[in-house]
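my_file_14.tsv (TSV, C-alpha atoms) appears below.
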chain	number	residue	atom	x	y	z
F	1	MET	CA	12.46	-5.26	-12.60
F	2	ILE	CA	10.83	-6.63	-9.43
F	3	ALA	CA	13.24	-6.59	-6.45
F	4	GLU	CA	14.63	-9.98	-5.44
F	5	TRP	CA	12.83	-10.04	-2.08
F	6	SER	CA	9.52	-9.16	-3.77
F	7	GLN	CA	10.07	-12.01	-6.26
F	8	THR	CA	10.60	-14.32	-3.31
F	9	ALA	CA	7.31	-13.12	-1.81
F	10	LEU	CA	5.55	-13.70	-5.14
F	11	ALA	CA	7.05	-17.20	-5.45
F	12	LEU	CA	5.49	-18.00	-2.06
F	13	VAL	CA	1.94	-17.22	-3.32
F	14	PRO	CA	1.60	-20.59	-5.13
F	15	GLU	CA	2.96	-22.36	-2.04
F	16	TRP	CA	0.77	-20.69	0.59
F	17	GLY	CA	-2.10	-19.37	-1.57
F	18	GLY	CA	-4.73	-17.34	0.27
F	19	TRP	CA	-2.92	-17.62	3.62
F	20	LEU	CA	0.05	-15.67	2.27
F	21	ILE	CA	-2.20	-12.97	0.78
F	22	LEU	CA	-4.10	-12.72	4.08
F	23	SER	CA	-0.89	-12.51	6.16
F	24	VAL	CA	0.75	-9.89	3.94
F	25	THR	CA	-2.27	-7.56	3.84
F	26	PHE	CA	-2.74	-8.04	7.60
F	27	LEU	CA	0.85	-7.08	8.42
F	28	SER	CA	0.97	-4.23	5.88
F	29	CYS	CA	-2.03	-2.64	7.62
F	30	LEU	CA	0.10	-2.66	10.78
F	31	ALA	CA	2.81	-0.67	8.93
F	32	PHE	CA	5.11	-3.63	8.22
F	33	PRO	CA	6.97	-2.85	4.97
F	34	LEU	CA	5.66	-5.78	2.90
F	35	PRO	CA	4.74	-5.77	-0.82
F	36	ALA	CA	0.96	-6.08	-0.25
F	37	SER	CA	0.06	-4.32	-3.50
F	38	LEU	CA	2.36	-6.58	-5.54
F	39	VAL	CA	1.03	-9.72	-3.83
F	40	MET	CA	-2.57	-8.66	-4.58
F	41	LEU	CA	-1.63	-7.90	-8.20
F	42	ALA	CA	-0.06	-11.37	-8.45
F	43	GLY	CA	-3.15	-12.89	-6.82
F	44	GLY	CA	-5.28	-11.22	-9.51
F	45	ALA	CA	-2.93	-12.50	-12.23
F	46	PHE	CA	-3.10	-16.06	-10.84
F	47	THR	CA	-6.88	-15.73	-10.90
F	48	ALA	CA	-6.72	-14.79	-14.58
F	49	SER	CA	-4.62	-17.88	-15.37
F	50	GLY	CA	-7.01	-20.13	-13.44
F	51	ASP	CA	-4.52	-21.01	-10.69
F	52	LEU	CA	-6.52	-19.41	-7.87
F	53	SER	CA	-10.18	-18.56	-7.37
F	54	LEU	CA	-11.23	-14.92	-7.28
F	55	ILE	CA	-13.18	-15.50	-4.07
F	56	VAL	CA	-10.09	-16.89	-2.30
F	57	VAL	CA	-7.81	-14.03	-3.46
F	58	ALA	CA	-10.23	-11.16	-2.82
F	59	GLY	CA	-11.61	-12.73	0.38
F	60	ALA	CA	-8.16	-13.38	1.87
F	61	ALA	CA	-6.91	-9.89	0.98
F	62	LEU	CA	-10.01	-8.21	2.42
F	63	LEU	CA	-10.04	-10.32	5.58
F	64	GLY	CA	-6.33	-9.67	6.23
F	65	ALA	CA	-6.65	-5.93	5.64
F	66	VAL	CA	-9.73	-5.50	7.84
F	67	ALA	CA	-8.17	-7.62	10.63
F	68	GLY	CA	-4.95	-5.55	10.40
F	69	ASP	CA	-6.92	-2.29	10.69
F	70	GLN	CA	-8.83	-3.61	13.70
F	71	VAL	CA	-5.69	-4.81	15.50
F	72	GLY	CA	-3.91	-1.47	14.85
F	73	TYR	CA	-6.95	0.45	16.13
F	74	ALA	CA	-7.42	-1.80	19.19
F	75	LEU	CA	-3.74	-1.72	20.20
F	76	SER	CA	-3.47	2.05	19.96
F	77	ARG	CA	-6.84	2.50	21.69
F	78	ALA	CA	-5.69	0.28	24.56
F	79	GLY	CA	-2.19	1.64	24.96
F	80	GLY	CA	-1.96	4.93	23.08
F	81	GLY	CA	-3.94	7.16	25.47
F	82	PRO	CA	-1.02	8.27	27.67
F	83	LEU	CA	1.17	8.83	24.61
F	84	TRP	CA	-1.50	11.00	23.01
F	85	GLN	CA	-1.95	13.01	26.22
F	86	ARG	CA	1.80	13.68	26.29
F	87	LEU	CA	1.86	14.72	22.62
F	88	ALA	CA	-1.17	16.96	23.02
F	89	ALA	CA	0.34	18.65	26.09
F	90	ARG	CA	3.49	19.71	24.23
F	91	PRO	CA	3.69	23.48	23.88
F	92	GLY	CA	3.33	24.72	20.31
F	93	THR	CA	2.92	21.50	18.32
F	94	GLY	CA	0.46	20.03	20.86
F	95	ALA	CA	-2.19	22.64	20.01
F	96	LEU	CA	-1.64	22.10	16.28
F	97	MET	CA	-1.93	18.32	16.69
F	98	THR	CA	-5.07	18.62	18.80
F	99	ARG	CA	-6.64	20.72	16.08
F	100	ALA	CA	-5.55	18.27	13.36
F	101	VAL	CA	-7.15	15.43	15.32
F	102	SER	CA	-10.38	17.35	15.84
F	103	ASP	CA	-10.41	17.95	12.06
F	104	LEU	CA	-9.96	14.18	11.60
F	105	ALA	CA	-12.81	13.49	14.04
F	106	ARG	CA	-15.10	15.87	12.11
F	107	ARG	CA	-14.40	14.03	8.84
F	108	ASP	CA	-13.77	10.59	10.36
F	109	LEU	CA	-15.73	8.54	7.81
F	110	LEU	CA	-14.07	10.23	4.83
F	111	ALA	CA	-10.58	10.21	6.37
F	112	VAL	CA	-10.70	6.51	7.26
F	113	PHE	CA	-12.33	5.55	3.93
F	114	LEU	CA	-9.85	7.47	1.74
F	115	SER	CA	-6.80	6.38	3.76
F	116	ARG	CA	-7.63	2.73	2.96
F	117	TRP	CA	-7.15	3.08	-0.82
F	118	LEU	CA	-6.56	6.58	-2.26
F	119	PHE	CA	-3.95	7.56	0.34
F	120	SER	CA	-3.14	3.97	1.29
F	121	ALA	CA	0.38	4.84	2.47
F	122	LEU	CA	-1.27	6.69	5.39
F	123	GLY	CA	-3.67	3.87	6.36
F	124	PRO	CA	-1.69	2.31	9.25
F	125	TYR	CA	-1.01	5.73	10.80
F	126	VAL	CA	-4.66	6.77	10.55
F	127	ASN	CA	-5.52	3.50	12.38
F	128	LEU	CA	-3.12	4.46	15.18
F	129	ALA	CA	-4.41	8.04	15.36
F	130	ALA	CA	-8.02	6.79	15.32
F	131	GLY	CA	-7.42	4.35	18.19
F	132	MET	CA	-5.30	6.75	20.22
F	133	THR	CA	-7.93	9.49	20.05
F	134	ARG	CA	-10.82	7.04	20.59
F	135	LEU	CA	-12.61	7.57	17.31
F	136	ASP	CA	-16.01	5.82	17.32
F	137	TRP	CA	-15.37	2.09	16.61
F	138	THR	CA	-18.55	1.51	14.56
F	139	ARG	CA	-17.84	4.44	12.24
F	140	PHE	CA	-14.17	3.40	11.97
F	141	THR	CA	-15.19	-0.16	11.04
F	142	ILE	CA	-17.83	0.83	8.48
F	143	ALA	CA	-15.49	3.27	6.70
F	144	GLY	CA	-12.56	0.85	7.03
F	145	VAL	CA	-14.32	-2.16	5.51
F	146	ALA	CA	-15.71	-0.05	2.65
F	147	GLY	CA	-12.28	1.48	1.94
F	148	GLU	CA	-10.46	-1.86	2.09
F	149	ALA	CA	-13.03	-3.36	-0.31
F	150	VAL	CA	-12.15	-0.59	-2.80
F	151	TRP	CA	-8.38	-1.14	-2.23
F	152	VAL	CA	-8.63	-4.91	-2.78
F	153	SER	CA	-10.90	-4.52	-5.83
F	154	ILE	CA	-8.48	-2.06	-7.47
F	155	TYR	CA	-5.34	-4.18	-7.01
F	156	VAL	CA	-6.85	-7.62	-7.62
F	157	GLY	CA	-8.76	-6.18	-10.61
F	158	LEU	CA	-5.61	-4.61	-12.06
F	159	GLY	CA	-3.72	-7.91	-11.57
F	160	TYR	CA	-6.50	-9.76	-13.37
F	161	ALA	CA	-6.70	-7.27	-16.24
F	162	PHE	CA	-2.93	-6.72	-16.66
F	163	ALA	CA	-1.58	-10.17	-15.75
F	164	ALA	CA	1.32	-9.74	-18.21
F	165	GLN	CA	2.50	-6.44	-16.70
F	166	ILE	CA	2.53	-7.02	-12.93
F	167	ASP	CA	5.99	-5.49	-12.59
F	168	GLU	CA	5.17	-2.27	-14.49
F	169	ILE	CA	1.74	-1.84	-12.94
F	170	GLY	CA	3.21	-2.45	-9.47
F	171	ALA	CA	5.91	0.19	-10.02
F	172	ALA	CA	3.44	2.71	-11.44
F	173	MET	CA	0.97	2.16	-8.59
F	174	ALA	CA	3.77	2.49	-6.00
F	175	ASN	CA	4.63	5.90	-7.49
F	176	VAL	CA	1.00	6.98	-7.54
F	177	ALA	CA	0.34	5.76	-3.96
F	178	GLY	CA	3.57	7.34	-2.64
F	179	GLY	CA	2.87	10.62	-4.43
F	180	LEU	CA	-0.72	10.83	-3.21
F	181	GLY	CA	0.25	9.91	0.37
F	182	ALA	CA	3.06	12.49	0.54
F	183	SER	CA	0.87	15.16	-1.08
F	184	ALA	CA	-1.95	14.50	1.41
F	185	VAL	CA	0.43	14.89	4.37
F	186	ALA	CA	1.90	18.05	2.79
F	187	LEU	CA	-1.62	19.42	2.42
F	188	VAL	CA	-2.49	18.75	6.08
F	189	LEU	CA	0.83	20.19	7.34
F	190	GLY	CA	0.53	23.22	5.03
F	191	ARG	CA	-2.95	23.89	6.41
F	192	MET	CA	-1.66	23.62	10.00
F	193	LEU	CA	1.22	26.02	9.26
F	194	TRP	CA	-1.06	28.48	7.49
F	195	ARG	CA	-3.51	28.50	10.41
F	196	ALA	CA	-0.67	28.95	12.94
F	197	ALA	CA	0.77	31.86	10.93
F	198	ARG	CA	-2.67	33.49	10.67
F	199	GLU	CA	-3.27	33.18	14.43
F	200	GLU	CA	0.16	34.62	15.17
F	201	ARG	CA	-0.63	37.56	12.88
F	202	ASP	CA	-4.01	38.09	14.58
F	203	ASP	CA	-2.37	37.93	18.06
F	204	SER	CA	0.28	40.47	17.20
F	205	GLY	CA	-2.43	42.72	15.67
F	206	THR	CA	-4.46	42.52	18.92
F	207	LYS	CA	-1.39	43.23	21.04
F	208	GLY	CA	-0.55	46.21	18.84
F	209	GLU	CA	-4.08	47.60	19.28
F	210	ASP	CA	-3.89	47.04	23.09
F	211	GLY	CA	-0.53	48.86	23.19
F	212	ALA	CA	-1.98	51.80	21.29
P	1	MET	CA	8.23	30.06	22.97
P	2	ILE	CA	11.48	28.41	21.94
P	3	GLU	CA	9.80	24.97	22.06
P	4	ALA	CA	6.92	26.29	19.96
P	5	GLU	CA	9.36	27.67	17.43
P	6	THR	CA	11.25	24.36	17.35
P	7	GLY	CA	7.94	22.57	16.70
P	8	GLY	CA	7.15	25.09	13.96
P	9	THR	CA	10.52	24.50	12.30
P	10	GLY	CA	9.95	20.73	12.48
P	11	LEU	CA	6.54	21.12	10.87
P	12	LYS	CA	7.97	23.35	8.13
P	13	LEU	CA	10.70	20.80	7.39
P	14	ALA	CA	8.17	17.95	7.37
P	15	PHE	CA	5.93	19.99	5.05
P	16	LEU	CA	8.80	20.66	2.63
P	17	LEU	CA	9.89	17.01	2.74
P	18	CYS	CA	6.37	15.73	1.97
P	19	LEU	CA	5.90	18.34	-0.74
P	20	GLY	CA	9.21	17.27	-2.32
P	21	LEU	CA	8.29	13.58	-2.10
P	22	GLY	CA	4.85	14.21	-3.58
P	23	LEU	CA	6.30	16.19	-6.48
P	24	GLY	CA	9.11	13.64	-6.97
P	25	PHE	CA	6.77	10.64	-7.11
P	26	GLY	CA	4.37	12.57	-9.36
P	27	ALA	CA	7.16	13.59	-11.74
P	28	HIS	CA	8.48	10.02	-11.87
P	29	ALA	CA	5.04	8.58	-12.66
P	30	THR	CA	4.47	11.24	-15.34
P	31	TRP	CA	7.91	10.55	-16.87
P	32	ARG	CA	7.23	6.79	-17.04
P	33	ILE	CA	3.93	7.34	-18.81
P	34	ALA	CA	5.20	10.11	-21.12
P	35	SER	CA	8.37	8.23	-22.14
P	36	GLY	CA	6.37	5.13	-23.01
P	37	THR	CA	8.50	2.87	-20.80
P	38	GLY	CA	5.52	1.99	-18.63
P	39	PHE	CA	3.34	-1.06	-19.15
P	40	ALA	CA	5.90	-3.17	-21.05
P	41	PRO	CA	5.27	-6.91	-20.64
P	42	ASP	CA	7.16	-8.51	-17.73
P	43	PRO	CA	10.08	-10.82	-18.57
P	44	MET	CA	9.61	-14.49	-17.69
P	45	ALA	CA	10.52	-14.96	-14.02
P	46	ASP	CA	10.78	-17.83	-11.55
P	47	TRP	CA	7.84	-16.66	-9.38
P	48	MET	CA	5.46	-17.40	-12.26
P	49	THR	CA	3.45	-20.63	-12.46
P	50	PRO	CA	3.20	-22.84	-15.58
P	51	ALA	CA	-0.42	-21.73	-16.19
P	52	HIS	CA	0.58	-18.07	-15.78
P	53	VAL	CA	3.44	-18.52	-18.29
P	54	SER	CA	1.05	-20.20	-20.70
P	55	ALA	CA	-1.59	-17.45	-20.41
P	56	VAL	CA	0.79	-14.47	-20.48
P	57	PHE	CA	3.31	-15.62	-23.10
P	58	GLY	CA	0.87	-17.42	-25.39
P	59	ILE	CA	2.53	-20.83	-25.11
P	60	PRO	CA	-0.11	-23.60	-25.38
P	61	PRO	CA	-0.54	-25.41	-22.00
P	62	GLU	CA	0.39	-28.77	-23.56
P	63	HIS	CA	3.73	-27.33	-24.75
P	64	VAL	CA	4.43	-25.92	-21.28
P	65	ALA	CA	3.60	-29.33	-19.76
P	66	GLU	CA	5.85	-31.09	-22.29
P	67	VAL	CA	8.79	-28.75	-21.65
P	68	LEU	CA	8.42	-29.14	-17.89
P	69	GLY	CA	7.87	-32.89	-18.10
P	70	ILE	CA	4.45	-32.65	-16.48
P	71	THR	CA	1.74	-35.20	-17.08
P	72	GLY	CA	-1.84	-34.13	-16.42
P	73	ALA	CA	-2.97	-30.68	-15.33
P	74	LEU	CA	-0.46	-27.86	-14.86
P	75	PRO	CA	0.38	-27.66	-11.14
P	76	PHE	CA	-0.08	-24.49	-9.08
P	77	ALA	CA	3.61	-24.15	-8.22
P	78	SER	CA	6.23	-21.54	-9.05
P	79	LEU	CA	8.92	-22.27	-11.64
P	80	ARG	CA	11.37	-21.78	-8.74
P	81	ASP	CA	9.81	-24.68	-6.80
P	82	LEU	CA	9.50	-26.88	-9.89
P	83	ALA	CA	13.19	-26.31	-10.71
P	84	ALA	CA	14.19	-27.14	-7.12
P	85	GLU	CA	12.14	-30.37	-7.24
P	86	ARG	CA	14.00	-31.40	-10.39
P	87	GLY	CA	17.38	-30.38	-9.03
P	88	GLU	CA	18.00	-27.83	-11.76
P	89	THR	CA	18.24	-24.03	-11.82
P	90	SER	CA	15.28	-21.71	-12.47
P	91	ASP	CA	17.28	-20.09	-15.27
P	92	ALA	CA	17.59	-23.41	-17.12
P	93	LEU	CA	13.84	-24.01	-16.82
P	94	ILE	CA	13.06	-20.47	-18.01
P	95	ALA	CA	15.48	-20.83	-20.95
P	96	ARG	CA	13.67	-24.00	-22.09
P	97	LEU	CA	10.29	-22.26	-21.84
P	98	GLN	CA	11.57	-19.19	-23.67
P	99	ALA	CA	12.63	-21.45	-26.56
P	100	GLU	CA	8.91	-22.26	-26.96
P	101	LEU	CA	7.86	-18.60	-27.34
P	102	PRO	CA	5.77	-18.17	-30.47
Mind turning this structure into structure tokens?
Amino acid sequence: MIAEWSQTALALVPEWGGWLILSVTFLSCLAFPLPASLVMLAGGAFTASGDLSLIVVAGAALLGAVAGDQVGYALSRAGGGPLWQRLAARPGTGALMTRAVSDLARRDLLAVFLSRWLFSALGPYVNLAAGMTRLDWTRFTIAGVAGEAVWVSIYVGLGYAFAAQIDEIGAAMANVAGGLGASAVALVLGRMLWRAAREERDDSGTKGEDGA
Amino acid sequence: MIEAETGGTGLKLAFLLCLGLGLGFGAHATWRIASGTGFAPDPMADWMTPAHVSAVFGIPPEHVAEVLGITGALPFASLRDLAAERGETSDALIARLQAELP
């Protein structure tokens, strides 16, 4: 069963049309907890019933998402520098975070692209990290637009194809997106912990040799 | 050293939390698919539009229009808004449409 507040959001789609879809995807890319996936699924379903045009639904969703990514990136690029310097200077975790960010910079295109749709729960935070660490804007934009196009196509396409099962598809996709997002973060953190443990082992080995 | 260890403990806790969430969401999705509860048709709801109800529930558009007292093309408005315009509840409107289910 769709939550009451989500039903209210869906009931607003016929009233506001593309503007609502655009606003919801825009704000969700800035980490506002709004049912963007459900609204896109409903947009796809309304396309299937002939209420809305596919160009309006897909165009509004894509425009909102790309604009949200850009605003998140620009805000954190403008104001996140000092915060990042403070985080990076912290003993212990600072070094781990610096390394994680340099890993992100090495795979920037892939990280930004995949965090738009496959690990969509992480998208807004990748925008912030990208802006804060001054990832190249052109590469961020290319990967971001491509990833958002995939995200919008998946959800609007699913809404169109499964117009009678918006509720079930929405719940299933929320589980899949949440699971993939959490697993991706677990993978990154696990890698950081494993590296830190290996370095600690190497350090104590070196000290032991020096002592001998 | 103490700060580094505190950071390490925080990372370990975050790792375990994310691992647990990932496994939990994965198990829930698998259970839904395996138990066959997933992908059941949605019940009629007040966020739906007349054309959506017609397409999804197989009620001919002219029957939907007749039940809702609409002349001409089906409007792009939610059943919630249509009920409010008529001064009746969404539930009453949905009940009338459900009576038309084939």
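The shortest atom-to-atom distance to chain F, with all atoms listed in the file taken into account, belongs to P:Gly22 out of P:Gly58, P:Gly22, P:Lys12, P:Ala99.
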- Counting only C-alpha atoms, the option among P:Glu85, P:Asp42, P:Glu100, P:Asp91 closest to chain F: P:Asp42
- Once you count all atoms listed in the file, which residues of chain F turn out to be within 6 Å of chain P? Could you give them as a PyMOL selection string? chain F and resi 10-11+14+49+51+91-93+164-165+168+175+179+182-183+186+189
- Contacts of Leu110 in chain F at 10 Å or less, counting all atoms listed in the file, minus same-chain residues fewer than 4 places along, as number ranges by chain? F: 104-106, 114-115, 140, 143-144, 147
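Between CA of Leu38 in chain F and CA of Glu148 in chain F lies a distance of 15.6 Å.
Picture a line from CA of Ala9 in chain F to CA of Ser37 in chain F; it runs 11.5 Å.
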Output range 47-58 of chain P as a compact mmCIF listing (two decimals), in the frame of the given file, making sure all heavy atoms are there.
# COMPACT_ATOMS: atom_id res chain seq x y z
N TRP P 47 9.00 -16.66 -10.27
CA TRP P 47 7.84 -16.66 -9.38
C TRP P 47 6.57 -17.07 -10.12
O TRP P 47 5.55 -17.35 -9.50
CB TRP P 47 7.64 -15.29 -8.72
CG TRP P 47 7.42 -14.14 -9.66
CD1 TRP P 47 8.35 -13.29 -10.16
CD2 TRP P 47 6.16 -13.72 -10.23
NE1 TRP P 47 7.77 -12.37 -11.00
CE2 TRP P 47 6.42 -12.60 -11.06
CE3 TRP P 47 4.85 -14.17 -10.13
CZ2 TRP P 47 5.43 -11.94 -11.78
CZ3 TRP P 47 3.84 -13.50 -10.84
CH2 TRP P 47 4.15 -12.39 -11.64
N MET P 48 6.66 -17.09 -11.46
CA MET P 48 5.46 -17.40 -12.26
C MET P 48 5.15 -18.90 -12.21
O MET P 48 6.05 -19.72 -11.98
CB MET P 48 5.70 -16.96 -13.71
CG MET P 48 5.89 -15.47 -13.86
SD MET P 48 6.32 -15.01 -15.53
CE MET P 48 6.31 -13.22 -15.37
N THR P 49 3.87 -19.22 -12.44
CA THR P 49 3.45 -20.63 -12.46
C THR P 49 3.35 -21.08 -13.92
O THR P 49 3.26 -20.23 -14.83
CB THR P 49 2.08 -20.80 -11.79
OG1 THR P 49 1.12 -20.04 -12.55
CG2 THR P 49 2.08 -20.30 -10.36
N PRO P 50 3.33 -22.38 -14.18
CA PRO P 50 3.20 -22.84 -15.58
C PRO P 50 1.95 -22.28 -16.27
O PRO P 50 2.03 -21.85 -17.43
CB PRO P 50 3.12 -24.37 -15.43
CG PRO P 50 3.86 -24.67 -14.18
CD PRO P 50 3.58 -23.51 -13.27
N ALA P 51 0.80 -22.24 -15.56
CA ALA P 51 -0.42 -21.73 -16.19
C ALA P 51 -0.30 -20.24 -16.47
O ALA P 51 -0.79 -19.75 -17.50
CB ALA P 51 -1.61 -21.99 -15.26
N HIS P 52 0.37 -19.50 -15.58
CA HIS P 52 0.58 -18.07 -15.78
C HIS P 52 1.47 -17.85 -17.02
O HIS P 52 1.16 -17.00 -17.86
CB HIS P 52 1.24 -17.48 -14.53
CG HIS P 52 1.45 -16.00 -14.58
ND1 HIS P 52 0.46 -15.10 -14.30
CD2 HIS P 52 2.54 -15.26 -14.90
CE1 HIS P 52 0.93 -13.87 -14.42
NE2 HIS P 52 2.19 -13.95 -14.79
N VAL P 53 2.54 -18.62 -17.13
CA VAL P 53 3.44 -18.52 -18.29
C VAL P 53 2.66 -18.80 -19.57
O VAL P 53 2.78 -18.08 -20.57
CB VAL P 53 4.63 -19.50 -18.14
CG1 VAL P 53 5.41 -19.63 -19.43
CG2 VAL P 53 5.56 -19.05 -17.02
N SER P 54 1.83 -19.84 -19.52
CA SER P 54 1.05 -20.20 -20.70
C SER P 54 0.11 -19.07 -21.11
O SER P 54 0.04 -18.69 -22.28
CB SER P 54 0.25 -21.48 -20.40
OG SER P 54 -0.67 -21.72 -21.42
N ALA P 55 -0.60 -18.50 -20.12
CA ALA P 55 -1.59 -17.45 -20.41
C ALA P 55 -0.92 -16.16 -20.88
O ALA P 55 -1.38 -15.52 -21.82
CB ALA P 55 -2.43 -17.19 -19.16
N VAL P 56 0.17 -15.78 -20.22
CA VAL P 56 0.79 -14.47 -20.48
C VAL P 56 1.66 -14.49 -21.75
O VAL P 56 1.67 -13.53 -22.52
CB VAL P 56 1.63 -14.05 -19.25
CG1 VAL P 56 2.57 -12.93 -19.57
CG2 VAL P 56 0.69 -13.66 -18.11
N PHE P 57 2.37 -15.59 -21.97
CA PHE P 57 3.31 -15.62 -23.10
C PHE P 57 2.76 -16.36 -24.32
O PHE P 57 3.45 -16.51 -25.32
CB PHE P 57 4.65 -16.23 -22.66
CG PHE P 57 5.34 -15.41 -21.62
CD1 PHE P 57 5.22 -15.71 -20.28
CD2 PHE P 57 6.08 -14.27 -21.98
CE1 PHE P 57 5.83 -14.93 -19.31
CE2 PHE P 57 6.69 -13.49 -21.01
CZ PHE P 57 6.56 -13.81 -19.66
N GLY P 58 1.52 -16.80 -24.23
CA GLY P 58 0.87 -17.42 -25.39
C GLY P 58 1.45 -18.77 -25.78
O GLY P 58 1.39 -19.14 -26.95
